[in-house]
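One file, start_1.txt, carrying compact mmCIF, C-alpha atoms and all ligand atoms:
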```
# COMPACT_ATOMS: atom_id res chain seq x y z
CA MET A 614 178.97 83.11 87.42
CA THR A 615 178.62 79.98 85.37
CA PRO A 616 175.22 79.27 83.88
CA HIS A 617 174.90 76.35 86.29
CA ASP A 618 174.85 78.16 89.61
CA ARG A 619 172.83 81.10 88.39
CA PHE A 620 169.39 81.47 89.99
CA GLU A 621 166.63 80.13 87.78
CA PRO A 622 163.40 81.89 88.80
CA GLN A 623 160.09 80.11 88.56
CA LEU A 624 157.63 82.30 86.75
CA LEU A 625 153.92 81.85 86.40
CA ALA A 626 152.14 83.37 83.42
CA PHE A 627 148.39 83.93 83.64
CA CYS A 628 147.34 84.10 80.01
CA CYS A 629 144.13 85.05 78.32
CA ASN A 630 142.83 82.18 76.22
CA PHE A 631 142.34 84.37 73.18
CA CYS A 632 145.41 86.58 73.02
CA ALA A 633 148.48 85.79 75.09
CA TYR A 634 147.87 82.04 75.22
CA ALA A 635 147.62 82.04 71.45
CA ALA A 636 150.73 84.20 71.30
CA ALA A 637 152.60 81.72 73.50
CA ASP A 638 151.38 78.95 71.25
CA LEU A 639 152.61 80.82 68.22
CA ALA A 640 155.98 81.47 69.85
CA GLY A 641 156.29 77.74 70.32
CA ALA A 642 155.06 76.83 66.85
CA SER A 643 157.42 79.28 65.20
CA ARG A 644 160.33 78.04 67.33
CA ILE A 645 161.06 81.42 68.93
CA GLN A 646 163.48 80.85 71.79
CA TYR A 647 162.42 82.01 75.24
CA PRO A 648 163.60 81.07 78.73
CA PRO A 649 162.22 77.81 80.07
CA ASN A 650 161.41 79.35 83.45
CA VAL A 651 157.76 80.00 82.81
CA ARG A 652 154.68 77.89 83.50
CA VAL A 653 151.54 79.00 81.73
CA VAL A 654 148.12 79.07 83.39
CA LEU A 655 145.21 79.50 81.03
CA LEU A 656 142.43 81.88 81.95
CA PRO A 657 139.29 82.46 79.86
CA CYS A 658 140.22 86.15 80.02
CA THR A 659 142.70 88.07 82.19
CA GLY A 660 139.66 89.73 83.73
CA LYS A 661 139.27 86.42 85.55
CA LEU A 662 142.52 87.04 87.41
CA ASP A 663 141.89 87.50 91.09
CA VAL A 664 144.19 89.07 93.69
CA LEU A 665 143.91 85.75 95.50
CA TYR A 666 145.34 83.79 92.53
CA ALA A 667 148.44 85.97 92.58
CA LEU A 668 148.82 85.73 96.38
CA LYS A 669 148.37 81.94 96.33
CA ALA A 670 150.98 81.68 93.60
CA PHE A 671 153.50 83.64 95.67
CA GLU A 672 152.53 81.69 98.77
CA SER A 673 153.27 78.44 96.89
CA GLY A 674 156.70 79.71 96.00
CA ALA A 675 156.46 81.40 92.59
CA ASP A 676 159.30 83.91 92.15
CA GLY A 677 157.48 86.10 89.66
CA ILE A 678 154.14 86.42 87.92
CA MET A 679 153.22 87.58 84.45
CA VAL A 680 149.72 88.55 83.54
CA ALA A 681 149.35 88.56 79.79
CA GLY A 682 146.34 89.44 77.76
CA MET B 976 124.30 99.26 106.31
CA ILE B 977 127.32 99.37 108.58
CA VAL B 978 130.34 100.64 106.69
CA ALA B 979 133.82 99.68 107.83
CA GLU B 980 137.36 99.88 106.58
CA GLN B 981 140.32 97.57 107.06
CA LYS B 982 142.98 98.76 109.48
CA PRO B 983 146.43 99.44 107.99
CA PHE B 984 148.35 96.23 107.31
CA GLU B 985 151.21 97.15 109.66
CA GLU B 986 148.80 97.78 112.52
CA ILE B 987 147.15 94.37 112.01
CA LYS B 988 150.57 92.72 111.81
CA ALA B 989 151.57 94.33 115.12
CA LYS B 990 148.33 93.22 116.77
CA ILE B 991 148.95 89.56 115.95
CA ALA B 992 152.72 89.65 116.49
CA LYS B 993 152.72 87.65 119.72
CA ALA B 994 150.33 84.91 118.58
CA ASN B 995 151.29 81.64 116.90
CA LYS B 996 147.92 80.33 115.78
CA VAL B 997 145.52 82.92 114.42
CA LEU B 998 142.00 82.47 113.11
CA VAL B 999 140.84 85.23 110.78
CA VAL B 1000 137.06 85.43 111.03
CA GLY B 1001 135.11 87.25 108.34
CA CYS B 1002 131.47 88.27 108.32
CA GLY B 1003 129.13 87.64 105.41
CA THR B 1004 126.79 90.59 105.94
CA CYS B 1005 127.48 94.38 106.04
CA VAL B 1006 131.27 94.22 105.83
CA THR B 1007 131.07 91.84 102.87
CA VAL B 1008 129.09 94.30 100.78
CA CYS B 1009 131.42 97.18 101.67
CA PHE B 1010 134.42 95.00 100.72
CA ALA B 1011 136.08 95.21 104.13
CA GLY B 1012 135.68 91.87 105.88
CA GLY B 1013 133.99 89.27 103.67
CA GLU B 1014 135.31 85.91 102.56
CA LYS B 1015 137.48 87.48 99.89
CA GLU B 1016 139.08 90.09 102.15
CA VAL B 1017 139.68 87.35 104.73
CA GLY B 1018 141.46 85.29 102.07
CA ILE B 1019 143.63 88.18 100.93
CA LEU B 1020 144.52 89.32 104.45
CA ALA B 1021 145.24 85.80 105.75
CA SER B 1022 147.44 84.99 102.77
CA SER B 1023 149.25 88.34 103.05
CA LEU B 1024 149.83 87.85 106.78
CA ARG B 1025 151.10 84.29 106.28
CA MET B 1026 153.66 85.52 103.78
CA ALA B 1027 154.62 88.72 105.61
CA THR B 1028 155.18 86.98 108.95
CA LYS B 1029 157.21 84.28 107.21
CA ILE B 1030 159.40 86.88 105.50
CA ASP B 1031 159.90 88.56 108.89
CA GLY B 1032 161.18 85.25 110.23
CA ASN B 1033 158.21 84.78 112.53
CA PRO B 1034 155.91 82.39 110.66
CA LYS B 1035 152.46 81.69 112.04
CA GLN B 1036 149.59 79.38 111.37
CA ILE B 1037 146.89 81.68 110.05
CA ASP B 1038 143.58 80.05 109.14
CA GLU B 1039 140.43 81.51 107.65
CA VAL B 1040 136.71 81.21 108.19
CA THR B 1041 133.77 83.43 107.31
CA VAL B 1042 130.45 83.20 109.12
CA GLN B 1043 127.17 84.45 107.71
CA ARG B 1044 126.78 87.05 110.48
CA GLN B 1045 129.21 87.62 113.33
CA CYS B 1046 126.63 89.45 115.40
CA GLU B 1047 124.28 86.52 116.09
CA TRP B 1048 124.95 83.67 118.48
CA GLU B 1049 123.51 81.07 116.12
CA TYR B 1050 126.00 81.89 113.37
CA LEU B 1051 128.89 82.08 115.82
CA ASP B 1052 128.02 78.57 117.01
CA THR B 1053 129.24 77.28 113.64
CA ILE B 1054 132.82 77.99 114.72
CA LYS B 1055 132.55 77.02 118.38
CA ASP B 1056 134.45 73.74 117.91
CA ARG B 1057 137.36 75.43 116.17
CA ILE B 1058 137.85 78.60 118.11
CA GLY B 1059 139.57 76.94 121.08
CA GLU B 1060 142.45 75.78 118.86
CA TYR B 1061 143.69 79.32 118.30
CA ASP B 1062 145.52 81.66 120.63
CA LEU B 1063 144.17 84.70 118.80
CA VAL B 1064 141.08 85.54 116.79
CA LEU B 1065 141.41 88.36 114.26
CA SER B 1066 137.88 89.51 113.54
CA LEU B 1067 137.03 91.20 110.27
CA GLY B 1068 133.53 91.95 111.50
CA CYS B 1069 132.31 95.36 112.60
CA GLY B 1070 132.70 96.36 116.24
CA ILE B 1071 129.52 94.46 117.02
CA GLY B 1072 130.94 91.27 115.53
CA VAL B 1073 134.17 91.60 117.50
CA GLN B 1074 132.22 92.06 120.73
CA ALA B 1075 129.87 89.21 119.91
CA ILE B 1076 132.85 86.86 119.55
CA ALA B 1077 134.34 88.12 122.82
CA GLU B 1078 131.02 87.68 124.62
CA HIS B 1079 130.10 84.32 123.12
CA PHE B 1080 133.56 82.78 123.55
CA PRO B 1081 134.84 84.21 126.86
CA GLU B 1082 138.06 82.19 126.58
CA ALA B 1083 138.96 83.58 123.16
CA ARG B 1084 141.28 86.54 122.73
CA VAL B 1085 139.91 88.63 119.90
CA VAL B 1086 141.38 91.66 118.12
CA PRO B 1087 139.64 93.90 115.58
CA GLY B 1088 140.94 94.01 112.00
CA LEU B 1089 138.53 96.73 110.89
CA ASN B 1090 137.65 100.24 111.87
CA THR B 1091 133.86 100.47 112.00
CA SER B 1092 133.16 103.78 110.34
CA PHE B 1093 129.50 104.73 110.01
CA LEU B 1094 125.99 103.87 108.88
CA GLY B 1095 125.83 104.71 105.23
CA LEU B 1096 125.63 103.62 101.65
CA PRO B 1097 127.77 103.42 98.52
CA VAL B 1098 127.06 106.60 96.52
CA GLU B 1099 129.06 105.20 93.64
CA GLN B 1100 131.32 102.21 93.08
CA GLY B 1101 134.02 102.41 95.74
CA VAL B 1102 132.68 105.49 97.58
CA TRP B 1103 130.66 105.32 100.80
CA GLU B 1104 128.96 108.16 102.67
CA GLU B 1105 127.40 108.49 106.08
CA ARG B 1106 123.62 108.78 106.11
CA CYS B 1107 122.24 108.06 109.58
CA ALA B 1108 123.50 108.62 113.12
CA ALA B 1109 120.96 106.28 114.75
CA CYS B 1110 119.54 109.16 116.81
CA GLY B 1111 116.60 107.06 117.91
CA ASN B 1112 113.91 109.55 116.84
CA CYS B 1113 113.76 109.89 113.08
CA ILE B 1114 112.71 113.23 111.59
CA LEU B 1115 113.31 112.54 107.91
CA ASP B 1116 109.70 113.46 107.10
CA LEU B 1117 110.44 117.09 108.05
CA THR B 1118 113.58 117.40 105.98
CA GLY B 1119 112.72 115.99 102.60
CA GLY B 1120 114.33 112.64 103.34
CA ILE B 1121 117.75 114.16 103.99
CA CYS B 1122 119.13 113.62 107.48
CA PRO B 1123 120.49 116.79 109.13
CA ILE B 1124 121.63 114.85 112.19
CA ALA B 1125 124.12 112.71 110.28
CA ARG B 1126 124.81 114.93 107.28
CA CYS B 1127 124.98 118.44 108.76
CA SER B 1128 128.30 118.91 110.52
CA LYS B 1129 126.52 120.63 113.42
CA SER B 1130 123.41 118.42 113.39
CA LEU B 1131 121.28 121.54 113.14
CA LEU B 1132 117.51 121.20 113.20
CA ASN B 1133 116.84 124.69 111.85
CA GLY B 1134 119.50 125.19 109.25
CA PRO B 1135 121.40 126.19 107.33
CA CYS B 1136 123.98 128.02 109.39
CA GLY B 1137 125.91 131.01 108.13
CA GLY B 1138 128.76 128.79 107.02
CA SER B 1139 126.83 127.33 104.11
CA HIS B 1140 128.53 128.49 100.93
CA ASP B 1141 127.64 127.55 97.35
CA GLY B 1142 126.02 124.40 98.63
CA LYS B 1143 129.12 123.37 100.52
CA CYS B 1144 129.51 123.04 104.28
CA GLU B 1145 132.00 125.34 105.94
CA ILE B 1146 134.12 122.43 107.09
CA SER B 1147 135.01 121.72 103.44
CA THR B 1148 138.66 121.89 102.42
CA PRO B 1149 140.13 121.61 98.93
CA ASP B 1150 140.77 117.92 99.65
CA ARG B 1151 137.49 117.21 101.28
CA VAL B 1152 134.37 118.81 99.94
CA VAL B 1153 131.30 118.24 102.11
CA GLU B 1154 127.87 119.08 100.80
CA CYS B 1155 125.77 121.27 103.10
CA ALA B 1156 122.89 119.04 104.16
CA TRP B 1157 120.68 122.04 104.80
CA ASP B 1158 121.34 123.40 101.33
CA LEU B 1159 120.19 120.04 99.99
CA ILE B 1160 117.13 120.11 102.25
CA VAL B 1161 116.13 123.63 101.25
CA LYS B 1162 116.56 122.91 97.52
CA LYS B 1163 114.61 119.68 97.79
CA LEU B 1164 111.69 121.31 99.62
CA MET B 1165 111.77 124.28 97.26
CA ALA B 1166 111.47 121.97 94.26
CA ARG B 1167 108.49 120.31 95.89
CA GLY B 1168 106.86 123.60 96.79
CA GLU B 1169 107.04 122.67 100.46
CA LEU B 1170 109.43 125.34 101.65
CA ASP B 1171 106.83 126.56 104.16
CA LYS B 1172 107.52 123.40 106.14
CA LEU B 1173 110.69 125.09 107.30
CA LEU B 1174 108.82 128.05 108.75
CA GLU B 1175 107.99 125.93 111.73
CA ILE B 1176 110.88 126.15 114.18
CA GLN B 1177 111.98 122.77 115.45
CA PRO B 1178 112.43 122.73 119.20
CA ALA B 1179 115.63 121.45 120.75
CA LYS B 1180 115.94 117.74 120.13
CA ASN B 1181 115.70 115.34 123.00
CA TRP B 1182 118.98 113.52 122.68
CA GLN B 1183 118.06 110.94 125.27
CA THR B 1184 116.95 108.62 122.51
CA SER B 1185 120.43 108.96 121.06
CA ARG B 1186 123.75 108.08 122.69
CA ASP B 1187 123.29 110.80 125.29
CA GLY B 1188 120.78 108.66 127.11
CA GLY B 1189 123.37 105.94 127.64
CA PRO B 1190 123.58 102.56 125.93
CA ARG B 1191 120.28 101.74 124.30
CA ARG B 1192 118.22 98.61 124.42
CA ILE B 1193 115.06 97.40 122.73
CA ALA B 1194 113.07 94.63 124.37
CA ARG B 1195 109.94 93.36 122.64
CA GLU B 1196 107.58 91.22 124.65
CA ASP B 1197 105.88 90.02 121.47
CA LEU B 1198 109.11 88.45 120.25
CA MET B 1199 110.63 87.28 123.49
CA LEU B 1200 110.34 83.63 124.37
CA ALA B 1201 108.01 83.08 127.28
CA LYS B 1202 109.82 82.47 130.52
CA GLU B 1203 108.56 79.68 132.73
CA MET C 338 147.40 95.97 89.30
CA LYS C 339 148.45 99.06 91.25
CA TYR C 340 146.63 97.76 94.34
CA LEU C 341 148.26 94.35 93.97
CA LYS C 342 151.76 95.79 93.61
CA GLY C 343 151.19 97.94 96.70
CA LEU C 344 149.97 94.91 98.62
CA LEU C 345 153.02 92.88 97.57
CA ASP C 346 155.29 95.73 98.68
CA GLN C 347 153.56 95.76 102.07
CA ILE C 348 153.92 92.01 102.49
CA GLY C 349 157.60 92.26 101.64
CA ILE C 350 157.47 90.31 98.38
CA GLY C 351 157.86 93.39 96.22
CA GLY C 352 155.54 94.68 93.54
CA ALA C 353 158.24 94.28 90.87
CA ARG C 354 157.63 90.53 90.90
CA ILE C 355 154.35 90.90 89.04
CA GLU C 356 153.80 92.58 85.70
CA MET C 357 151.05 92.93 83.17
CA PHE C 358 151.74 92.52 79.45
CA TYR C 359 149.46 93.34 76.55
CA MET C 360 149.69 91.40 73.30
CA SER C 361 147.57 90.01 70.51
CA SER C 362 147.36 86.40 69.46
CA ALA C 363 149.72 87.11 66.55
CA MET C 364 152.54 88.31 68.78
CA GLY C 365 154.59 85.20 69.48
CA GLY C 366 157.74 87.32 69.55
CA ALA C 367 156.27 89.70 72.12
CA PHE C 368 155.46 86.79 74.39
CA ALA C 369 159.02 85.47 74.18
CA GLU C 370 160.40 88.95 74.85
CA ALA C 371 158.13 89.42 77.86
CA VAL C 372 159.23 86.09 79.34
CA THR C 373 162.89 86.97 78.79
CA MET C 374 162.43 90.38 80.37
CA MET C 375 160.62 88.98 83.44
CA THR C 376 163.12 86.13 83.85
CA GLU C 377 165.97 88.64 83.89
CA ARG C 378 164.18 90.97 86.29
CA VAL C 379 163.22 88.25 88.76
CA ARG C 380 166.67 86.67 88.50
CA LYS C 381 168.10 89.98 89.73
CA LEU C 382 165.54 90.16 92.54
CA GLY C 383 166.48 86.68 93.70
CA PRO C 384 164.22 83.94 95.04
CA ASN C 385 160.78 84.63 96.48
CA PRO C 386 161.39 85.50 100.16
CA VAL C 387 158.34 83.47 101.19
CA SER C 388 159.78 80.14 100.05
CA LYS C 389 162.98 80.45 102.06
S1 LIG A 1301 116.93 111.61 111.89
FE1 LIG A 1301 117.99 110.20 113.27
S2 LIG A 1301 117.19 108.15 112.75
FE2 LIG A 1301 116.61 109.57 111.09
S3 LIG A 1301 118.24 109.29 109.55
FE3 LIG A 1301 118.84 111.01 110.88
S4 LIG A 1301 120.09 110.12 112.51
FE4 LIG A 1301 119.01 108.45 111.49
S1 LIG A 1302 127.22 124.63 106.35
FE1 LIG A 1302 125.38 123.36 106.18
S2 LIG A 1302 126.03 121.27 106.68
FE2 LIG A 1302 127.67 122.66 107.35
S3 LIG A 1302 127.20 123.04 109.49
FE3 LIG A 1302 126.20 124.71 108.34
S4 LIG A 1302 124.14 123.99 107.92
FE4 LIG A 1302 125.31 122.23 108.59
```

What's the structure tokens form of this structure?
Amino acid sequence: MTPHDRFEPQLLAFCCNFCAYAAADLAGASRIQYPPNVRVVLLPCTGKLDVLYALKAFESGADGIMVAG
Amino acid sequence: MIVAEQKPFEEIKAKIAKANKVLVVGCGTCVTVCFAGGEKEVGILASSLRMATKIDGNPKQIDEVTVQRQCEWEYLDTIKDRIGEYDLVLSLGCGIGVQAIAEHFPEARVVPGLNTSFLGLPVEQGVWEERCAACGNCILDLTGGICPIARCSKSLLNGPCGGSHDGKCEISTPDRVVECAWDLIVKKLMARGELDKLLEIQPAKNWQTSRDGGPRRIAREDLMLAKE
Amino acid sequence: MKYLKGLLDQIGIGGARIEMFYMSSAMGGAFAEAVTMMTERVRKLGPNPVSK
């Protein structure tokens, strides 16, 4: 498989404002390479994550979800 | 309150299999507080069903609405303009809600999404227990506020029976421990120094006020609207 | 999380498509690793069956 026809999943990352979001920020600032497949959604805390958020994300076509906190 | 539990997902999926447009109707009263059929459960179930039926290659339009109380005509009127658009209504109300929809909207086809379980309360977060069997003639004053009709497996009036063991009812299994209601009653009255209350033998209960007398009805002249 | 994975299995999406990660604000590397791991896992699982 060439890199061009390989499946690029769309990931959604629900991040806690104070830990994982900052970690993602740091990863960016320190130029750590990570796949470009992820879109980050900021939550005030991962405790705010609701089953419905995850279901809606899948319903709208997300291929995978990360919850990071 | 009325305590209910959602039916297994596969069973619900099978019940709606033939329909194309489904309205999931929640109820904002009892089944909301027991986390079975409120706005949130409606949202989760509708979304899950939309995705599952799509994956099965049989996508449906599945919409959501939650009324304040499914068991009163006035609240059901809030969906009267919408209900005709759907070929199936999936009610997440208790059995009373399901029947109210069927009675109020004779054209609608309605299926139950919940199993209505009992009249009870949450004893701790996530655990509900039966407390009343709606026998129609309450005797809680005789039994220290503990109902032997609903909570004794044999609904004894002069308990406990010989099966009471270490405070547990004889129907208990390792997986399901049931407290003996009569053990609770005796201990409660003992602590209050009222054990002599139990010396009086209770005569056989007249079950006519309960289900044995047929479907029950209460009609109050003082509340009824005057008829011309 | 357990409930959600079970629900996703029932729907037919698969519980493996969601994962929880724990990290502190100083763990930029951990975040990158988690994203790489999830990208690989979901790539193997293929596209979300709902969006087909
Ligand atoms: S005695 Fe009858 S009305 Fe009273 S709590 Fe028990 S079942 Fe309910
Ligand atoms: S053991 Fe207690 S609760 Fe069980 S049937 Fe006998 S009296 Fe009733």

At a cut-off of 6 Å and counting only C-alpha atoms and all ligand atoms, what residues surround ligand LIG 1301 (chain A)? Please answer as a list in words.
Cys1107, Ala1108, Ala1109, Cys1110, Gly1111, Asn1112, Cys1113, Ile1114, Leu1115, Cys1122, Ile1124 and Ala1125 of chain B

How about saving the chosen residues, C-alpha atoms kept, as a PDB file, keeping the file's coordinate frame?
```pdb
ATOM      1  CA  CYS B1107     122.240 108.060 109.580  1.00  0.00           C
ATOM      2  CA  ALA B1108     123.500 108.620 113.120  1.00  0.00           C
ATOM      3  CA  ALA B1109     120.960 106.280 114.750  1.00  0.00           C
ATOM      4  CA  CYS B1110     119.540 109.160 116.810  1.00  0.00           C
ATOM      5  CA  GLY B1111     116.600 107.060 117.910  1.00  0.00           C
ATOM      6  CA  ASN B1112     113.910 109.550 116.840  1.00  0.00           C
ATOM      7  CA  CYS B1113     113.760 109.890 113.080  1.00  0.00           C
ATOM      8  CA  ILE B1114     112.710 113.230 111.590  1.00  0.00           C
ATOM      9  CA  LEU B1115     113.310 112.540 107.910  1.00  0.00           C
ATOM     10  CA  CYS B1122     119.130 113.620 107.480  1.00  0.00           C
ATOM     11  CA  ILE B1124     121.630 114.850 112.190  1.00  0.00           C
ATOM     12  CA  ALA B1125     124.120 112.710 110.280  1.00  0.00           C
TER      13      ALA B1125
END
```

Using all atoms listed in the file, what does the table of chain B residues within 8 Å of ligand LIG 1302 (chain A) look like, with each row giving the shortest atom pair and its distance in Å to one decimal, sorted by chain and ascending number, as a Markdown table?
```
| residue | atom | partner | partner_atom | distance |
| --- | --- | --- | --- | --- |
| B:Pro1123 | CA | A:LIG1302 | FE4 | 7.3 |
| B:Arg1126 | CA | A:LIG1302 | S2 | 6.5 |
| B:Cys1127 | CA | A:LIG1302 | S2 | 3.7 |
| B:Ser1128 | CA | A:LIG1302 | S3 | 4.4 |
| B:Lys1129 | CA | A:LIG1302 | S3 | 4.7 |
| B:Ser1130 | CA | A:LIG1302 | FE4 | 6.4 |
| B:Leu1131 | CA | A:LIG1302 | FE4 | 6.1 |
| B:Gly1134 | CA | A:LIG1302 | S4 | 5.0 |
| B:Pro1135 | CA | A:LIG1302 | S4 | 3.6 |
| B:Cys1136 | CA | A:LIG1302 | FE3 | 4.1 |
| B:Gly1137 | CA | A:LIG1302 | FE3 | 6.3 |
| B:Gly1138 | CA | A:LIG1302 | S1 | 4.5 |
| B:Ser1139 | CA | A:LIG1302 | S1 | 3.5 |
| B:His1140 | CA | A:LIG1302 | S1 | 6.8 |
| B:Gly1142 | CA | A:LIG1302 | FE1 | 7.6 |
| B:Lys1143 | CA | A:LIG1302 | S1 | 6.3 |
| B:Cys1144 | CA | A:LIG1302 | S1 | 3.5 |
| B:Glu1145 | CA | A:LIG1302 | S1 | 4.8 |
| B:Ile1146 | CA | A:LIG1302 | FE2 | 6.5 |
| B:Val1153 | CA | A:LIG1302 | S2 | 7.6 |
| B:Glu1154 | CA | A:LIG1302 | S2 | 6.5 |
| B:Cys1155 | CA | A:LIG1302 | S2 | 3.6 |
| B:Ala1156 | CA | A:LIG1302 | S2 | 4.6 |
| B:Trp1157 | CA | A:LIG1302 | S4 | 5.1 |
| B:Asp1158 | CA | A:LIG1302 | FE1 | 6.3 |
```

Neighbours of chain A in chain B at 8 Å, counting all atoms listed in the file, as a PyMOL selection string
chain B and resi 1015+1018-1019+1022-1023+1026

Quick one: which residues from chain A are at most 8 Å off chain C, using only C-alpha atoms, as a PyMOL selection string?
chain A and resi 620-622+624+631-641+643+645-648+650-651+664+671-682

Six-sided padding of 8 Å per side, axis-aligned box over region 383-386 of chain C, centre and edges in Å, one decimal, as AutoDock Vina command-line options:
```
--center_x 163.6 --center_y 85.3 --center_z 96.9 --size_x 21.7 --size_y 18.7 --size_z 22.5
```

If you take all atoms listed in the file and a cut-off of 10 Å, which residues of chain B touch chain C, and what are their nearest atom pairs and distances in Å to one decimal, in chain and number order, as JSON lines?
```
{"residue": "B:Pro983", "atom": "CA", "partner": "C:Gln347", "partner_atom": "CA", "distance": 10.0}
{"residue": "B:Phe984", "atom": "CA", "partner": "C:Gln347", "partner_atom": "CA", "distance": 7.4}
{"residue": "B:Glu985", "atom": "CA", "partner": "C:Gln347", "partner_atom": "CA", "distance": 8.1}
{"residue": "B:Lys988", "atom": "CA", "partner": "C:Ile348", "partner_atom": "CA", "distance": 9.9}
{"residue": "B:Ile1019", "atom": "CA", "partner": "C:Leu344", "partner_atom": "CA", "distance": 9.5}
{"residue": "B:Leu1020", "atom": "CA", "partner": "C:Leu344", "partner_atom": "CA", "distance": 9.7}
{"residue": "B:Ser1022", "atom": "CA", "partner": "C:Ile348", "partner_atom": "CA", "distance": 9.6}
{"residue": "B:Ser1023", "atom": "CA", "partner": "C:Ile348", "partner_atom": "CA", "distance": 6.0}
{"residue": "B:Leu1024", "atom": "CA", "partner": "C:Ile348", "partner_atom": "CA", "distance": 7.2}
{"residue": "B:Arg1025", "atom": "CA", "partner": "C:Val387", "partner_atom": "CA", "distance": 8.9}
{"residue": "B:Met1026", "atom": "CA", "partner": "C:Val387", "partner_atom": "CA", "distance": 5.7}
{"residue": "B:Ala1027", "atom": "CA", "partner": "C:Ile348", "partner_atom": "CA", "distance": 4.6}
{"residue": "B:Thr1028", "atom": "CA", "partner": "C:Ile348", "partner_atom": "CA", "distance": 8.3}
{"residue": "B:Lys1029", "atom": "CA", "partner": "C:Val387", "partner_atom": "CA", "distance": 6.2}
{"residue": "B:Ile1030", "atom": "CA", "partner": "C:Val387", "partner_atom": "CA", "distance": 5.6}
{"residue": "B:Asp1031", "atom": "CA", "partner": "C:Gly349", "partner_atom": "CA", "distance": 8.5}
{"residue": "B:Gly1032", "atom": "CA", "partner": "C:Val387", "partner_atom": "CA", "distance": 9.6}
{"residue": "B:Pro1034", "atom": "CA", "partner": "C:Val387", "partner_atom": "CA", "distance": 9.8}
```

Contacts of region 1050-1057 of chain B at 12 Å (all atoms listed in the file; same-chain gap of 6+ positions) as a PDB file with C-alpha atoms, in the coordinates of the input:
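Listing of part_10.pdb after writing:
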```pdb
ATOM      1  CA  LYS B 996     147.920  80.330 115.780  1.00  0.00           C
ATOM      2  CA  VAL B 997     145.520  82.920 114.420  1.00  0.00           C
ATOM      3  CA  LEU B 998     142.000  82.470 113.110  1.00  0.00           C
ATOM      4  CA  VAL B 999     140.840  85.230 110.780  1.00  0.00           C
ATOM      5  CA  VAL B1000     137.060  85.430 111.030  1.00  0.00           C
ATOM      6  CA  GLY B1001     135.110  87.250 108.340  1.00  0.00           C
ATOM      7  CA  CYS B1002     131.470  88.270 108.320  1.00  0.00           C
ATOM      8  CA  GLY B1003     129.130  87.640 105.410  1.00  0.00           C
ATOM      9  CA  THR B1004     126.790  90.590 105.940  1.00  0.00           C
ATOM     10  CA  ASP B1038     143.580  80.050 109.140  1.00  0.00           C
ATOM     11  CA  GLU B1039     140.430  81.510 107.650  1.00  0.00           C
ATOM     12  CA  VAL B1040     136.710  81.210 108.190  1.00  0.00           C
ATOM     13  CA  THR B1041     133.770  83.430 107.310  1.00  0.00           C
ATOM     14  CA  VAL B1042     130.450  83.200 109.120  1.00  0.00           C
ATOM     15  CA  GLN B1043     127.170  84.450 107.710  1.00  0.00           C
ATOM     16  CA  ARG B1044     126.780  87.050 110.480  1.00  0.00           C
ATOM     17  CA  LEU B1063     144.170  84.700 118.800  1.00  0.00           C
ATOM     18  CA  VAL B1064     141.080  85.540 116.790  1.00  0.00           C
ATOM     19  CA  SER B1066     137.880  89.510 113.540  1.00  0.00           C
ATOM     20  CA  GLY B1068     133.530  91.950 111.500  1.00  0.00           C
ATOM     21  CA  GLY B1072     130.940  91.270 115.530  1.00  0.00           C
ATOM     22  CA  VAL B1073     134.170  91.600 117.500  1.00  0.00           C
ATOM     23  CA  GLN B1074     132.220  92.060 120.730  1.00  0.00           C
ATOM     24  CA  ALA B1075     129.870  89.210 119.910  1.00  0.00           C
ATOM     25  CA  ILE B1076     132.850  86.860 119.550  1.00  0.00           C
ATOM     26  CA  ALA B1077     134.340  88.120 122.820  1.00  0.00           C
ATOM     27  CA  GLU B1078     131.020  87.680 124.620  1.00  0.00           C
ATOM     28  CA  HIS B1079     130.100  84.320 123.120  1.00  0.00           C
ATOM     29  CA  PHE B1080     133.560  82.780 123.550  1.00  0.00           C
ATOM     30  CA  PRO B1081     134.840  84.210 126.860  1.00  0.00           C
ATOM     31  CA  GLU B1082     138.060  82.190 126.580  1.00  0.00           C
ATOM     32  CA  ALA B1083     138.960  83.580 123.160  1.00  0.00           C
TER      33      ALA B1083
END
```

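Picture a line from CA of Glu1104 (chain B) to CA of Gly1120 (chain B); it runs 15.3 Å.
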
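Across the structure, CA of Glu1105 (chain B) and CA of Phe1093 (chain B) are spaced 5.8 Å apart.
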
Write out as a ChimeraX atom specification each polymer residue whose atoms come within 12 Å of region 1166-1170 of chain B, counting only C-alpha atoms; drop sequence neighbours fewer than 4 positions from it.
/B:1116-1119,1159-1162,1174-1175

Could you write out the selected residues, including C-alpha atoms, as a short mmCIF file (atom, residue, chain, number, x, y, z; two decimals), in the coordinates of the input?
```cif
data_model
loop_
_atom_site.label_atom_id
_atom_site.label_comp_id
_atom_site.auth_asym_id
_atom_site.auth_seq_id
_atom_site.Cartn_x
_atom_site.Cartn_y
_atom_site.Cartn_z
CA ASP B 1116 109.70 113.46 107.10
CA LEU B 1117 110.44 117.09 108.05
CA THR B 1118 113.58 117.40 105.98
CA GLY B 1119 112.72 115.99 102.60
CA LEU B 1159 120.19 120.04 99.99
CA ILE B 1160 117.13 120.11 102.25
CA VAL B 1161 116.13 123.63 101.25
CA LYS B 1162 116.56 122.91 97.52
CA LEU B 1174 108.82 128.05 108.75
CA GLU B 1175 107.99 125.93 111.73
#
```

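Interatomic distance, CA of Leu656 (chain A) against CA of Leu625 (chain A): 12.3 Å.
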